[in-house]
Amino acid sequence: MKEVSTKQRFAALDALRGWAILAMVLSGILPFGVLPNWMYHAQLPPPEHRFNPAISGLTWVDLVFPFFLFALGAALPIALRRMTLVSTPTKRLLQRFALLAFFAFALQHIRPYALQSSPNVFTWITACVGFLLLSGVFVRLPASWPLSERRFFRVLGWAGLLTLLASLTYANGTGFSVQRKDIILLFLAHMAFWGGLVWWFTRNKPLYRLALIAGLVALRLSALTSEATWATMFWAWNPVSWLFEWEYLRYLLIVLPGTMVGDWLISVLERRSQEALTGIRKSMMWLPWLLMSVPVVVCIGLQARQPGFTLLFSLGFVGMLW
């Protein structure tokens with residue numbers, strides 16, 4: 001069986017992640033109240049941008065984060081498979097979670113508008129210093145550097161960043177607070193950890209993973225009831241809510257299917273020769289265009305309040321792939 005190189009990149013997956021990141025950045029800098037409805041979250045329409053759950057539909061803004069989560073899930077088997085060549089990935093998953101979670105808290109604390117509602121020059125300088133110190137903590141240093149220099153650089157980054165976080169005072173007069181965090185980054189930290197952990201224990205048992213997805217759906221739906229049941233009490237029990245809530249696990253419903261795509265991608269590359277893959281690409285040139293059309297048509301159909309048409313299109317798409 002052909003082995004997949006541990007250094008091999010998957011261009012399509014990298015492209016999807018890059019597109020999702022670019023789209024998330026774009027959606028985060030859009031001016032409020034001046035663009036059409038489809039340029040914002042469907043439930044946060046202009047001009048007031050107040051959350052209205054009665055509004056149905058999706059826009060492209062609602063899809064960029066799920067796209068990134070799906071790409072994250074697809075990348076987990078590839079990345080963790082490389083780790084398993086050396087040891088079990090549990091320790092590495094914990095380390096990554098700790099670093100990502102710390103990044104979520106640290107980044108929110110050095111953002112200019114978190115420091116002051118009307119940032120001045122000193123505020124922006126402080127934010128820039130904080131960003132440089134974050135680089136000292138997280139940047140991947142060249143392997144050609146001597147080990148002593150890399151350690152010194154890392155220790156300097158950690159010491160400087162922790163000192164800065166301990167000394168900052170915010171507009172409300174408080175200092176560092178665990179309640180001040182970037183929730184999106186914290187979501188990603190949990191998804192990388194829990195998604196990786198589930199994949200590791202079910203890597204040879206995909207049916208167990210499907211059963212876990214079904215169980216998570218059942219638990220989530222049971223917790224939505226207004227009655228006091230064990231499911232609602234369990235879902236509401238969050239002793240460390242500043243770090244983790246059971247609600248975060250709903251995003252596994254995107255990440256775990258992504259891990260199955262990652263497994264499939266690895267198996268295809270292992271079992272088929274490069275010539276066979278080239279033949280597949282030539283015979284299925286229409287597939288990328290079809291896949292790109294799906295979110296566009298679904299968004300338009302739901303935004304136009306045409307659930308029947310959207311359902312028929314989705315069923316037809318599944319039938320074509322079948």
# chains A, B, ... in the order shown; residues from 1 in each chain; ligands from 1

call {"tool": "residues_around", "arguments": {"residues": "A:Pro77", "least_positions_apart": "5", "cutoff": "7 Å", "atoms": "only C-alpha atoms", "output": "number ranges by chain"}}
result
A: 259, 262-263

call {"tool": "atom_distance", "arguments": {"atom1": "atom CA of A:Asn37", "atom2": "atom CA of A:Phe51"}}
result
13.1 Å

call {"tool": "atom_distance", "arguments": {"atom1": "atom CA of A:Leu168", "atom2": "atom CA of A:Asp182"}}
result
17.2 Å

call {"tool": "atom_distance", "arguments": {"atom1": "atom CA of A:Phe70", "atom2": "atom CA of A:Leu207"}}
result
18.9 Å
